[in-house]
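Structure file start-v1.cif (mmCIF, C-alpha atoms and all ligand atoms) is printed below.
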```cif
data_protein
loop_
_atom_site.label_atom_id
_atom_site.label_comp_id
_atom_site.auth_asym_id
_atom_site.auth_seq_id
_atom_site.Cartn_x
_atom_site.Cartn_y
_atom_site.Cartn_z
CA MET A 80 105.26 83.21 92.15
CA GLN A 81 106.67 79.77 91.33
CA HIS A 82 107.11 77.91 94.63
CA GLU A 83 109.07 74.78 95.48
CA PHE A 84 108.12 71.95 97.77
CA SER A 85 111.32 71.64 99.76
CA LEU A 86 112.58 72.42 103.23
CA ALA A 87 115.48 74.48 101.88
CA TYR A 88 113.11 76.62 99.82
CA ALA A 89 110.79 77.22 102.81
CA GLN A 90 113.78 78.13 104.99
CA ALA A 91 114.97 80.57 102.33
CA LEU A 92 111.57 82.26 102.41
CA ASP A 93 111.95 82.60 106.17
CA SER A 94 115.40 84.13 105.89
CA ASN A 95 114.01 86.76 103.54
CA ASP A 96 111.12 87.51 105.86
CA PRO A 97 111.71 90.75 107.80
CA LEU A 98 109.06 89.72 110.36
CA HIS A 99 110.49 86.27 111.05
CA SER A 100 111.98 87.15 114.45
CA TYR A 101 108.61 88.33 115.81
CA ARG A 102 107.79 84.70 116.59
CA GLU A 103 110.30 84.93 119.46
CA GLN A 104 108.05 87.49 121.12
CA PHE A 105 105.43 84.80 121.81
CA TYR A 106 105.28 81.78 124.06
CA ALA A 107 104.49 78.63 122.10
CA PRO A 108 103.57 75.15 123.26
CA TYR A 109 106.40 72.63 123.35
CA LEU A 110 105.98 68.90 122.79
CA GLN A 111 108.81 66.53 123.64
CA GLY A 112 111.13 69.48 124.01
CA LYS A 113 110.35 70.86 120.55
CA ARG A 114 108.44 74.02 119.68
CA ALA A 115 105.07 72.88 118.33
CA ILE A 116 103.65 74.21 115.08
CA TYR A 117 100.73 76.29 116.19
CA PHE A 118 98.18 76.93 113.44
CA LEU A 119 95.39 77.89 115.82
CA GLY A 120 95.63 81.66 115.85
CA ASN A 121 92.08 81.58 114.47
CA SER A 122 90.99 80.04 117.77
CA LEU A 123 93.28 81.34 120.52
CA GLY A 124 96.33 83.40 119.60
CA LEU A 125 99.61 82.73 121.40
CA GLN A 126 100.66 84.68 124.46
CA PRO A 127 102.91 87.71 123.88
CA LYS A 128 105.87 87.48 126.24
CA THR A 129 105.18 91.07 127.33
CA ALA A 130 101.61 90.29 128.44
CA GLN A 131 102.59 89.10 131.91
CA ASP A 132 104.54 92.29 132.62
CA GLU A 133 101.64 94.44 131.44
CA VAL A 134 99.24 92.54 133.69
CA MET A 135 101.73 92.76 136.56
CA THR A 136 101.85 96.54 136.16
CA ILE A 137 98.12 96.61 136.86
CA MET A 138 98.54 94.24 139.78
CA GLU A 139 101.27 96.46 141.20
CA GLY A 140 99.10 99.54 140.77
CA TRP A 141 96.37 97.74 142.66
CA ALA A 142 98.81 96.60 145.38
CA ASN A 143 100.44 99.99 145.78
CA PHE A 144 97.57 102.40 145.34
CA GLY A 145 94.32 100.47 145.81
CA VAL A 146 91.51 102.30 144.08
CA GLU A 147 93.79 105.27 143.51
CA GLY A 148 95.37 103.11 140.80
CA PHE A 149 92.75 104.71 138.54
CA PHE A 150 94.75 107.94 138.83
CA LEU A 151 98.24 107.01 140.06
CA GLY A 152 101.12 104.74 139.11
CA LYS A 153 102.87 103.89 135.90
CA ASP A 154 99.73 103.26 133.87
CA PRO A 155 96.72 104.87 135.59
CA TRP A 156 93.56 102.97 134.75
CA LEU A 157 91.09 105.78 134.12
CA ASN A 158 92.32 106.67 130.66
CA TYR A 159 93.67 103.26 129.76
CA GLN A 160 91.15 102.87 126.92
CA GLN A 161 92.83 105.81 125.25
CA LYS A 162 96.07 103.86 125.10
CA ILE A 163 94.29 101.01 123.35
CA THR A 164 92.23 102.77 120.69
CA PRO A 165 95.10 104.43 118.76
CA LEU A 166 96.75 101.01 118.46
CA LEU A 167 93.57 99.58 116.96
CA CYS A 168 92.85 102.25 114.34
CA ASP A 169 95.06 100.71 111.67
CA ILE A 170 93.92 97.17 112.33
CA ILE A 171 90.23 97.99 112.14
CA GLY A 172 90.40 100.86 109.67
CA ALA A 173 88.63 103.18 112.06
CA LYS A 174 88.95 106.55 113.75
CA LYS A 175 89.79 106.53 117.46
CA GLU A 176 86.35 107.89 118.33
CA GLU A 177 84.69 104.95 116.59
CA LEU A 178 86.29 102.29 118.79
CA VAL A 179 85.56 100.89 122.20
CA THR A 180 87.05 97.91 124.01
CA MET A 181 84.51 96.24 126.28
CA ASN A 182 82.74 93.02 127.29
CA HIS A 183 82.80 89.96 125.07
CA LEU A 184 81.83 89.38 121.50
CA THR A 185 78.34 87.93 121.84
CA VAL A 186 77.48 90.49 124.51
CA ASN A 187 78.61 93.31 122.23
CA LEU A 188 76.66 91.86 119.34
CA HIS A 189 73.54 92.03 121.49
CA LEU A 190 74.27 95.55 122.71
CA LEU A 191 74.81 96.82 119.19
CA MET A 192 71.73 95.02 117.92
CA ILE A 193 69.73 96.75 120.64
CA SER A 194 70.77 99.96 118.91
CA PHE A 195 70.79 98.94 115.26
CA TYR A 196 68.01 96.37 115.11
CA GLN A 197 64.88 98.39 115.74
CA PRO A 198 62.30 96.59 113.63
CA THR A 199 58.92 97.98 112.63
CA ALA A 200 55.84 96.02 111.56
CA THR A 201 56.97 96.17 107.95
CA ARG A 202 60.74 96.46 108.16
CA TYR A 203 61.92 93.74 110.52
CA LYS A 204 64.14 91.25 108.70
CA ILE A 205 67.76 90.38 109.36
CA ILE A 206 69.78 89.14 106.39
CA CYS A 207 72.79 87.02 107.30
CA GLU A 208 74.93 84.20 105.97
CA ALA A 209 73.74 80.61 106.29
CA LYS A 210 75.79 78.74 108.88
CA ALA A 211 76.86 81.87 110.72
CA PHE A 212 78.76 81.05 113.91
CA PRO A 213 76.21 79.45 116.30
CA SER A 214 76.48 82.17 118.94
CA ASP A 215 75.49 84.73 116.29
CA GLN A 216 72.56 82.62 115.19
CA TYR A 217 71.35 82.43 118.80
CA ALA A 218 71.77 86.18 119.15
CA PHE A 219 69.76 86.83 115.97
CA GLN A 220 66.99 84.45 117.06
CA SER A 221 66.69 85.95 120.52
CA GLN A 222 66.75 89.54 119.25
CA VAL A 223 64.04 88.80 116.72
CA LYS A 224 61.92 87.15 119.41
CA LEU A 225 62.54 90.02 121.81
CA HIS A 226 60.76 92.24 119.30
CA GLY A 227 57.88 89.79 118.85
CA PHE A 228 58.86 88.30 115.47
CA ALA A 229 59.35 84.68 114.46
CA PRO A 230 62.92 83.72 113.52
CA ALA A 231 61.71 81.56 110.63
CA ASP A 232 60.09 84.62 109.06
CA ALA A 233 62.45 87.37 110.15
CA ILE A 234 65.87 85.78 109.59
CA ILE A 235 66.83 85.44 105.96
CA GLU A 236 69.92 83.34 105.35
CA VAL A 237 71.96 83.54 102.17
CA HIS A 238 73.15 80.07 101.20
CA PRO A 239 76.04 78.86 99.10
CA LYS A 240 75.09 77.78 95.61
CA GLU A 241 74.05 74.13 95.35
CA GLY A 242 77.08 71.85 95.58
CA THR A 243 79.47 74.60 96.76
CA GLU A 244 80.61 75.89 100.15
CA LEU A 245 80.96 79.56 99.25
CA ILE A 246 78.39 82.33 99.17
CA THR A 247 78.69 84.69 96.23
CA THR A 248 78.55 88.45 96.66
CA GLU A 249 76.07 88.44 93.79
CA ASP A 250 73.68 86.24 95.82
CA ILE A 251 74.08 88.39 98.92
CA LEU A 252 73.31 91.58 97.00
CA ALA A 253 70.39 89.94 95.21
CA THR A 254 68.92 88.79 98.52
CA ILE A 255 69.18 92.29 99.97
CA GLU A 256 67.49 93.68 96.87
CA ALA A 257 64.74 91.05 97.06
CA HIS A 258 63.94 92.06 100.66
CA LYS A 259 64.56 95.76 100.24
CA ASP A 260 61.17 96.77 101.62
CA SER A 261 61.36 94.57 104.71
CA VAL A 262 65.02 94.35 105.73
CA ALA A 263 66.03 96.19 108.90
CA LEU A 264 69.55 94.89 109.32
CA VAL A 265 72.16 93.13 107.23
CA LEU A 266 74.56 91.30 109.53
CA PHE A 267 77.39 89.21 108.16
CA SER A 268 80.69 87.98 109.44
CA GLY A 269 83.78 89.55 107.89
CA ILE A 270 85.19 86.07 107.34
CA ASN A 271 83.16 82.90 107.65
CA TYR A 272 84.66 80.86 110.48
CA TYR A 273 84.27 77.53 108.68
CA THR A 274 85.31 78.19 105.10
CA GLY A 275 87.61 81.16 105.71
CA GLN A 276 85.72 83.10 103.01
CA VAL A 277 86.05 86.89 103.22
CA PHE A 278 82.81 88.72 102.55
CA ASP A 279 82.77 91.91 100.54
CA ILE A 280 82.02 94.24 103.44
CA LYS A 281 81.99 97.38 101.30
CA SER A 282 79.50 96.11 98.73
CA ILE A 283 77.27 94.50 101.36
CA THR A 284 77.21 97.77 103.31
CA GLN A 285 76.35 99.79 100.22
CA ALA A 286 73.54 97.41 99.32
CA ALA A 287 72.16 97.45 102.87
CA HIS A 288 72.12 101.24 102.92
CA LYS A 289 70.49 101.40 99.50
CA ALA A 290 67.75 99.15 100.86
CA GLY A 291 67.29 101.42 103.89
CA ALA A 292 68.86 98.98 106.37
CA TYR A 293 71.81 99.16 108.72
CA ALA A 294 74.92 97.07 108.04
CA GLY A 295 76.81 95.37 110.86
CA PHE A 296 79.60 92.79 110.94
CA ASP A 297 80.99 90.16 113.27
CA LEU A 298 84.73 90.43 112.69
CA ALA A 299 85.86 87.60 114.99
CA HIS A 300 87.88 86.02 112.16
CA ALA A 301 88.73 89.23 110.36
CA ALA A 302 90.13 91.54 113.05
CA GLY A 303 93.91 91.34 113.07
CA ASN A 304 93.78 89.04 110.05
CA ILE A 305 92.81 91.05 106.97
CA LYS A 306 92.95 94.69 106.01
CA LEU A 307 89.74 96.40 107.12
CA GLN A 308 88.52 99.91 106.33
CA LEU A 309 85.34 100.09 108.34
CA HIS A 310 85.22 103.87 108.42
CA ASP A 311 85.69 104.32 104.68
CA TRP A 312 83.34 101.47 103.87
CA GLN A 313 80.63 103.28 105.90
CA VAL A 314 79.92 100.21 108.04
CA ASP A 315 77.41 101.14 110.75
CA PHE A 316 78.74 98.88 113.47
CA ALA A 317 80.98 95.90 114.05
CA CYS A 318 82.25 93.77 116.89
CA TRP A 319 84.98 91.20 117.30
CA CYS A 320 86.81 89.13 119.87
CA ASN A 321 90.44 89.74 120.69
CA TYR A 322 91.50 86.23 121.66
CA LYS A 323 92.05 84.96 118.12
CA TYR A 324 94.36 86.89 115.80
CA LEU A 325 94.71 89.67 118.33
CA ASN A 326 96.43 87.41 120.88
CA SER A 327 94.88 88.97 123.97
CA GLY A 328 94.21 85.82 125.96
CA PRO A 329 91.43 83.34 126.67
CA GLY A 330 88.15 85.20 127.21
CA ALA A 331 89.90 88.45 126.28
CA ILE A 332 88.07 91.73 126.43
CA ALA A 333 86.40 92.34 123.06
CA GLY A 334 86.15 95.26 120.64
CA ALA A 335 83.39 97.23 118.99
CA PHE A 336 83.09 99.87 116.28
CA VAL A 337 80.34 102.40 115.71
CA HIS A 338 80.67 104.64 112.68
CA GLU A 339 81.22 108.28 113.51
CA ARG A 340 78.01 109.36 111.74
CA GLN A 341 76.05 107.12 114.13
CA LEU A 342 77.68 108.47 117.28
CA SER A 343 75.40 111.48 117.30
CA ASN A 344 72.38 109.65 115.89
CA ASN A 345 69.88 110.32 118.66
CA VAL A 346 67.33 108.00 117.12
CA LEU A 347 69.44 105.02 118.11
CA PRO A 348 68.38 103.57 121.44
CA ARG A 349 71.25 102.47 123.62
CA LEU A 350 71.53 100.56 126.86
CA GLN A 351 73.24 102.82 129.35
CA GLY A 352 75.68 102.30 132.17
CA TRP A 353 77.92 104.64 134.11
CA TRP A 354 81.06 103.85 132.11
CA GLY A 355 79.36 105.20 128.98
CA ASN A 356 78.65 108.47 130.75
CA ASP A 357 80.94 111.34 129.91
CA VAL A 358 83.94 111.19 132.21
CA ALA A 359 83.28 114.76 133.35
CA ASN A 360 80.03 113.58 134.95
CA ARG A 361 80.74 109.93 135.57
CA PHE A 362 81.74 110.27 139.18
CA LYS A 363 79.25 112.98 140.14
CA MET A 364 76.78 110.23 140.85
CA GLY A 365 73.85 112.17 139.42
CA ASN A 366 71.06 110.66 137.36
CA ALA A 367 71.85 112.56 134.15
CA PHE A 368 73.47 110.46 131.43
CA THR A 369 75.57 112.45 128.96
CA PRO A 370 76.95 109.93 126.51
CA THR A 371 80.67 110.09 125.90
CA ALA A 372 81.11 111.58 122.44
CA THR A 373 82.76 108.39 121.19
CA ALA A 374 81.85 104.73 120.81
CA GLU A 375 82.83 104.45 124.46
CA SER A 376 79.31 105.62 125.19
CA TRP A 377 78.24 102.02 124.50
CA ALA A 378 80.42 100.84 127.40
CA MET A 379 78.53 100.24 130.59
CA SER A 380 80.78 98.82 133.25
CA THR A 381 84.15 99.43 134.83
CA SER A 382 86.87 98.18 132.51
CA PRO A 383 88.55 94.89 133.49
CA MET A 384 92.08 96.22 133.79
CA MET A 385 93.98 92.95 133.67
CA LEU A 386 92.26 92.05 130.41
CA LEU A 387 92.94 95.46 128.92
CA ALA A 388 96.61 95.13 129.89
CA ALA A 389 97.01 91.80 128.09
CA HIS A 390 95.28 93.30 125.06
CA LYS A 391 97.60 96.30 125.04
CA ALA A 392 100.67 94.04 125.14
CA SER A 393 99.55 92.36 121.93
CA LEU A 394 98.53 95.56 120.17
CA GLU A 395 101.95 97.04 120.81
CA ILE A 396 103.52 94.14 118.92
CA PHE A 397 101.14 94.75 116.01
CA ALA A 398 102.13 98.43 116.01
CA ALA A 399 105.85 97.59 116.01
CA ALA A 400 105.48 95.09 113.17
CA GLY A 401 103.13 97.34 111.14
CA PHE A 402 99.77 95.94 110.19
CA ASP A 403 100.26 96.31 106.43
CA ASN A 404 103.52 94.37 106.68
CA LEU A 405 101.72 91.63 108.56
CA VAL A 406 99.00 91.43 105.92
CA THR A 407 101.63 91.17 103.19
CA LYS A 408 103.35 88.32 105.01
CA SER A 409 100.03 86.66 105.74
CA LYS A 410 99.22 86.59 102.03
CA ALA A 411 102.62 85.07 101.30
CA LEU A 412 102.13 82.40 103.97
CA SER A 413 98.70 81.37 102.79
CA ASP A 414 99.84 81.46 99.19
CA TYR A 415 102.59 78.98 100.08
CA LEU A 416 100.11 76.91 102.09
CA PHE A 417 97.86 76.68 99.03
CA PHE A 418 100.83 75.63 96.94
CA VAL A 419 102.02 72.86 99.28
CA LEU A 420 98.49 71.54 99.83
CA ASN A 421 97.87 71.35 96.08
CA HIS A 422 101.28 69.76 95.64
CA ILE A 423 100.57 66.88 98.03
CA ASN A 424 97.02 66.43 96.80
CA GLN A 425 98.03 64.60 93.65
CA PRO A 426 97.98 62.35 91.69
CA VAL A 427 95.01 61.13 93.77
CA GLU A 428 92.83 63.83 95.34
CA LYS A 429 92.62 63.13 99.08
CA PHE A 430 91.02 66.38 100.18
CA LYS A 431 89.30 69.45 98.84
CA ILE A 432 90.29 72.99 99.78
CA ILE A 433 87.09 74.87 100.55
CA THR A 434 88.64 78.28 101.21
CA PRO A 435 88.52 80.58 98.17
CA ILE A 436 91.61 80.44 95.98
CA ASN A 437 91.44 84.18 95.26
CA PRO A 438 93.77 85.88 97.83
CA ASP A 439 91.34 88.81 98.13
CA GLU A 440 88.64 86.44 99.32
CA ARG A 441 90.54 84.85 102.16
CA GLY A 442 92.67 85.71 105.17
CA CYS A 443 95.30 83.41 106.57
CA GLN A 444 92.98 80.50 107.35
CA VAL A 445 92.76 77.63 104.89
CA SER A 446 90.07 74.97 105.42
CA PHE A 447 90.00 71.65 103.62
CA SER A 448 87.69 68.67 103.79
CA ILE A 449 89.28 65.23 103.88
CA HIS A 450 87.65 62.56 101.73
CA GLN A 451 88.47 59.49 103.87
CA ASN A 452 89.21 58.77 107.54
CA ALA A 453 89.16 62.49 108.21
CA LYS A 454 89.08 62.35 112.02
CA ALA A 455 91.87 59.75 112.17
CA VAL A 456 94.02 61.94 109.91
CA PHE A 457 93.38 64.95 112.12
CA ASP A 458 94.07 63.02 115.34
CA THR A 459 97.50 62.05 114.05
CA LEU A 460 98.63 65.67 113.75
CA LEU A 461 98.86 66.68 117.42
CA PRO A 462 101.21 63.87 118.55
CA PHE A 463 103.57 65.17 115.84
CA GLY A 464 103.40 68.65 117.33
CA ILE A 465 100.93 70.22 114.89
CA PHE A 466 98.12 72.24 116.42
CA ALA A 467 95.29 72.49 113.88
CA ASP A 468 91.52 72.69 114.21
CA TRP A 469 88.82 70.12 113.59
CA ARG A 470 85.29 70.95 112.43
CA GLU A 471 82.59 68.37 111.88
CA PRO A 472 82.05 66.48 109.69
CA ASN A 473 85.46 66.32 107.96
CA VAL A 474 87.12 69.73 107.89
CA ILE A 475 90.58 70.71 109.10
CA ARG A 476 91.31 74.41 109.47
CA VAL A 477 94.86 75.72 109.61
CA ALA A 478 95.76 79.34 110.10
CA PRO A 479 99.42 80.30 109.69
CA VAL A 480 99.59 83.75 111.22
CA PRO A 481 102.28 86.21 110.23
CA LEU A 482 103.39 87.17 113.75
CA TYR A 483 104.54 83.71 114.80
CA ASN A 484 104.28 81.17 112.00
CA SER A 485 106.92 80.44 109.39
CA PHE A 486 107.19 79.05 105.87
CA GLU A 487 109.22 76.17 107.28
CA GLU A 488 106.32 75.21 109.54
CA ILE A 489 104.00 75.14 106.54
CA TYR A 490 106.38 72.87 104.69
CA ILE A 491 106.81 70.51 107.66
CA PHE A 492 103.06 70.34 108.14
CA ALA A 493 102.42 69.51 104.48
CA GLU A 494 105.10 66.86 104.39
CA LEU A 495 103.65 65.21 107.46
CA LEU A 496 100.10 65.45 106.16
CA GLN A 497 101.21 63.79 102.94
CA GLN A 498 102.65 60.87 104.92
CA ILE A 499 99.54 60.56 107.08
CA LEU A 500 97.21 60.65 104.04
CA ASN A 501 99.27 58.06 102.21
CA ALA A 502 99.08 55.76 105.23
CA ALA A 503 95.36 56.37 105.90
C1 LIG A 601 82.41 84.27 114.39
C2 LIG A 601 82.24 84.17 115.89
N1 LIG A 601 81.23 84.81 116.46
C3 LIG A 601 81.03 84.73 117.78
C4 LIG A 601 81.85 83.99 118.60
C5 LIG A 601 81.58 83.93 120.07
O1 LIG A 601 82.44 84.74 120.78
P1 LIG A 601 82.35 84.97 122.35
O2 LIG A 601 82.42 83.63 123.01
O3 LIG A 601 83.58 85.76 122.66
O4 LIG A 601 81.10 85.68 122.65
C6 LIG A 601 82.94 83.32 118.04
C7 LIG A 601 83.85 82.54 118.88
O5 LIG A 601 84.78 81.89 118.44
C8 LIG A 601 83.13 83.40 116.63
O6 LIG A 601 84.14 82.76 116.04
#
```
Write out the structure in this file as structure tokens.
Ligand SMILES: Cc1ncc(COP(=O)(O)O)c(C=O)c1O
Amino acid sequence: MQHEFSLAYAQALDSNDPLHSYREQFYAPYLQGKRAIYFLGNSLGLQPKTAQDEVMTIMEGWANFGVEGFFLGKDPWLNYQQKITPLLCDIIGAKKEELVTMNHLTVNLHLLMISFYQPTATRYKIICEAKAFPSDQYAFQSQVKLHGFAPADAIIEVHPKEGTELITTEDILATIEAHKDSVALVLFSGINYYTGQVFDIKSITQAAHKAGAYAGFDLAHAAGNIKLQLHDWQVDFACWCNYKYLNSGPGAIAGAFVHERQLSNNVLPRLQGWWGNDVANRFKMGNAFTPTATAESWAMSTSPMMLLAAHKASLEIFAAAGFDNLVTKSKALSDYLFFVLNHINQPVEKFKIITPINPDERGCQVSFSIHQNAKAVFDTLLPFGIFADWREPNVIRVAPVPLYNSFEEIYIFAELLQQILNAA
């Protein structure tokens, strides 16, 4: 599509956008009385206006019924998970039984690794991307050590090719093949948090299985951002946070997926807690653990109801908008963002876009590294009402999300960035 770099053009794109009004369903920061441009949905999504009412419903249940709130009131708590999972199926590409909402991302990564990383003396390696999110790296290191292996030997990182930022699928598959006799687990992110690169989850999973390993994914930057088909792709497990694209609040309750064929895999060890026990037995207070027949069997503790309520509020907006529609708009937004960034980056190149240009290899985040005075350029954005993200040493990440960002905001941002870069 041939774009134009003009406010009128961007506004015309907004008027043709059937999802444009969804932005009114979210609170946004205001600076000097003006709605700020919030490109940080990849960090903390904005608050749905319905979230407070959903949380208040739980508070009222608590006030009015005490512990009986589990069974009484408008939204009894006991089966609340079952209100969440159907809303997630489309977003994650999963069956209801394969989903559980629990804990936080790093905790879930550990819990799932307890099940899916069961190394032997000969098959003990984890293959992952170089520069995975630090919390994941710490999780990998501690899991490897827990089993008596040395991280330097057991963790195999796939690096970008010399002089580039991106990791090719070819290199990932070749690395799996090279370690096919010793790899126990292949664990990648769905989207790299720094570059915004989407990894080919299906091919990585196939290669891991062919090598006799499990395949798991950290979908922090993918869930609610790109189209996922975890069930069809045969992914063994995945986990994600809900505070980014899924707008469920700071420290939101997180999500996890276990493929249906693993739910009855009795070889998998699993840490147990009473909330994973079948609900028929859960309150009998006996010592027999009968795992729930779904991924909920990985849950251990009483669900934090206020967090679940905020999560539900956001998922209901996703359901109303339709996830496929959101993905279509997201592609259009990032396509326009690429256009305006390339437009202002000439005749002299002032920055380099490090996110893949191919729309199938990115979500809505675009990262670019600034050649000169990078931090000063970044620091000028916020006073002008632009919320973007800074990553050392010189990278700015912007994520226009389809639920609450507009084409006009992309244009305004690019015009301002052009001025700042020219003055820098
Ligand atoms: C890719 C990735 N993994 C893990 C984490 C850590 O998540 P949590 O603090 O919810 O455990 C984050 C947080 O932003 C992340 O982006």
Around ligand LIG 601 (chain A), at most 7 Å away and counting all atoms listed in the file, which residues are there? Put them as a VMD selection string, please. chain A and resid 122 183 to 186 212 214 to 215 268 271 to 272 297 to 300 320 330
Distance of CA of Thr243 (chain A) from CA of Gln425 (chain A), expressed in Å to one decimal place: 21.3 Å
Selection: 8 Å around Asp403 (chain A), only C-alpha atoms, excl. self and same-chain fewer than 3 positions, as a list in words: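 Listing them by chain and then by number gives Lys306, Val406 and Thr407 of chain A.
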Nearest residue to Glu249 (chain A) from the set A:Glu487, A:Asp468, A:Asp279, A:Glu139 (distances using only C-alpha atoms):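 Using only C-alpha atoms, the shortest distance to Glu249 (chain A) belongs to A:Asp279.
The environment of Leu420 (chain A) within 10 Å, counting all atoms listed in the file and disregarding residues fewer than 6 places along the same chain, consists of Phe84, Phe430, Lys431, Ile432, Val445, Phe447, Ile489, Tyr490, Phe492, Ala493, Glu494, Leu496 and Gln497 of chain A.
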For Gln81 (chain A), which residue out of A:Leu119, A:Phe418, A:Ala389, A:Glu395 is the nearest one, using only C-alpha atoms?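 Distance minimum relative to Gln81 (chain A) lands on A:Phe418.
Between CA of Met181 (chain A) and CA of Cys443 (chain A) lies a distance of 25.9 Å.
Near region 371-373 of chain A, within a cut-off of 9 Å and counting all atoms listed in the file, sit the residues Lys175, Glu176, Glu177, Leu178, Val179, Val337, Glu339, Leu342, Ser343, Trp354, Gly355, Asn356, Asp357, Val358, Ser376 and Trp377 of chain A, with same-chain residues fewer than 3 positions away left out.
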Test item: residues at most 12 Å from Leu405 (chain A), all atoms listed in the file, excluding those fewer than 2 positions along its chain, as a compact mmCIF listing (two decimals) with C-alpha atoms, in the coordinates of the input:
```txt
# COMPACT_ATOMS: atom_id res chain seq x y z
CA ASP A 96 111.12 87.51 105.86
CA PRO A 97 111.71 90.75 107.80
CA LEU A 98 109.06 89.72 110.36
CA HIS A 99 110.49 86.27 111.05
CA TYR A 101 108.61 88.33 115.81
CA ASP A 169 95.06 100.71 111.67
CA ILE A 170 93.92 97.17 112.33
CA GLY A 303 93.91 91.34 113.07
CA ASN A 304 93.78 89.04 110.05
CA ILE A 305 92.81 91.05 106.97
CA LYS A 306 92.95 94.69 106.01
CA TYR A 324 94.36 86.89 115.80
CA ILE A 396 103.52 94.14 118.92
CA PHE A 397 101.14 94.75 116.01
CA ALA A 398 102.13 98.43 116.01
CA ALA A 399 105.85 97.59 116.01
CA ALA A 400 105.48 95.09 113.17
CA GLY A 401 103.13 97.34 111.14
CA PHE A 402 99.77 95.94 110.19
CA ASP A 403 100.26 96.31 106.43
CA THR A 407 101.63 91.17 103.19
CA LYS A 408 103.35 88.32 105.01
CA SER A 409 100.03 86.66 105.74
CA LYS A 410 99.22 86.59 102.03
CA ALA A 411 102.62 85.07 101.30
CA LEU A 412 102.13 82.40 103.97
CA GLY A 442 92.67 85.71 105.17
CA CYS A 443 95.30 83.41 106.57
CA PRO A 479 99.42 80.30 109.69
CA VAL A 480 99.59 83.75 111.22
CA PRO A 481 102.28 86.21 110.23
CA LEU A 482 103.39 87.17 113.75
CA TYR A 483 104.54 83.71 114.80
CA ASN A 484 104.28 81.17 112.00
```
For a test of reading the model, state the distance in Å between CA of Leu264 (chain A) and CA of Ile205 (chain A), rounded to one decimal.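 Taking CA of Leu264 (chain A) and CA of Ile205 (chain A), their separation equals 4.9 Å.
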Identify which of the residues A:Arg102, A:Ser261, A:Ala142, A:Met384 lies closest to Arg114 (chain A), counting only C-alpha atoms when measuring atom-to-atom distances.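 Among the listed residues, the smallest separation from Arg114 (chain A) belongs to A:Arg102.
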Which residue of A:Phe144, A:Trp353, A:Tyr106, A:Phe150 approaches Leu125 (chain A) most closely, using all atoms listed in the file: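 Going through A:Phe144, A:Trp353, A:Tyr106, A:Phe150 one by one, the smallest distance to Leu125 (chain A) is for A:Tyr106.
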With distances taken over only C-alpha atoms, which residue among A:Pro435, A:Gly464, A:Pro370, A:Pro230 lies nearest Ile246 (chain A)? A:Pro435
Please, could N, CA and C atoms be added to region 217-228 of chain A and the result written as an mmCIF file, keeping the file's coordinate frame?
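Everything below was put into part.cif:
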```cif
data_model
loop_
_atom_site.group_PDB
_atom_site.id
_atom_site.type_symbol
_atom_site.label_atom_id
_atom_site.label_comp_id
_atom_site.auth_asym_id
_atom_site.auth_seq_id
_atom_site.Cartn_x
_atom_site.Cartn_y
_atom_site.Cartn_z
ATOM 1 N N TYR A 217 72.186 82.344 117.587
ATOM 2 C CA TYR A 217 71.350 82.430 118.800
ATOM 3 C C TYR A 217 71.026 83.895 119.109
ATOM 4 N N ALA A 218 72.006 84.746 118.904
ATOM 5 C CA ALA A 218 71.770 86.180 119.150
ATOM 6 C C ALA A 218 70.679 86.698 118.218
ATOM 7 N N PHE A 219 70.760 86.349 116.935
ATOM 8 C CA PHE A 219 69.760 86.830 115.970
ATOM 9 C C PHE A 219 68.358 86.334 116.378
ATOM 10 N N GLN A 220 68.305 85.022 116.704
ATOM 11 C CA GLN A 220 66.990 84.450 117.060
ATOM 12 C C GLN A 220 66.406 85.167 118.268
ATOM 13 N N SER A 221 67.243 85.371 119.300
ATOM 14 C CA SER A 221 66.690 85.950 120.520
ATOM 15 C C SER A 221 66.331 87.429 120.336
ATOM 16 N N GLN A 222 67.081 88.134 119.512
ATOM 17 C CA GLN A 222 66.750 89.540 119.250
ATOM 18 C C GLN A 222 65.427 89.661 118.494
ATOM 19 N N VAL A 223 65.274 88.781 117.525
ATOM 20 C CA VAL A 223 64.040 88.800 116.720
ATOM 21 C C VAL A 223 62.840 88.515 117.630
ATOM 22 N N LYS A 224 63.019 87.513 118.499
ATOM 23 C CA LYS A 224 61.920 87.150 119.410
ATOM 24 C C LYS A 224 61.631 88.262 120.413
ATOM 25 N N LEU A 225 62.708 88.901 120.868
ATOM 26 C CA LEU A 225 62.540 90.020 121.810
ATOM 27 C C LEU A 225 61.597 91.081 121.253
ATOM 28 N N HIS A 226 61.611 91.223 119.942
ATOM 29 C CA HIS A 226 60.760 92.240 119.300
ATOM 30 C C HIS A 226 59.441 91.641 118.809
ATOM 31 N N GLY A 227 59.174 90.387 119.170
ATOM 32 C CA GLY A 227 57.880 89.790 118.850
ATOM 33 C C GLY A 227 57.778 89.193 117.451
ATOM 34 N N PHE A 228 58.907 88.917 116.811
ATOM 35 C CA PHE A 228 58.860 88.300 115.470
ATOM 36 C C PHE A 228 59.306 86.838 115.560
#
```
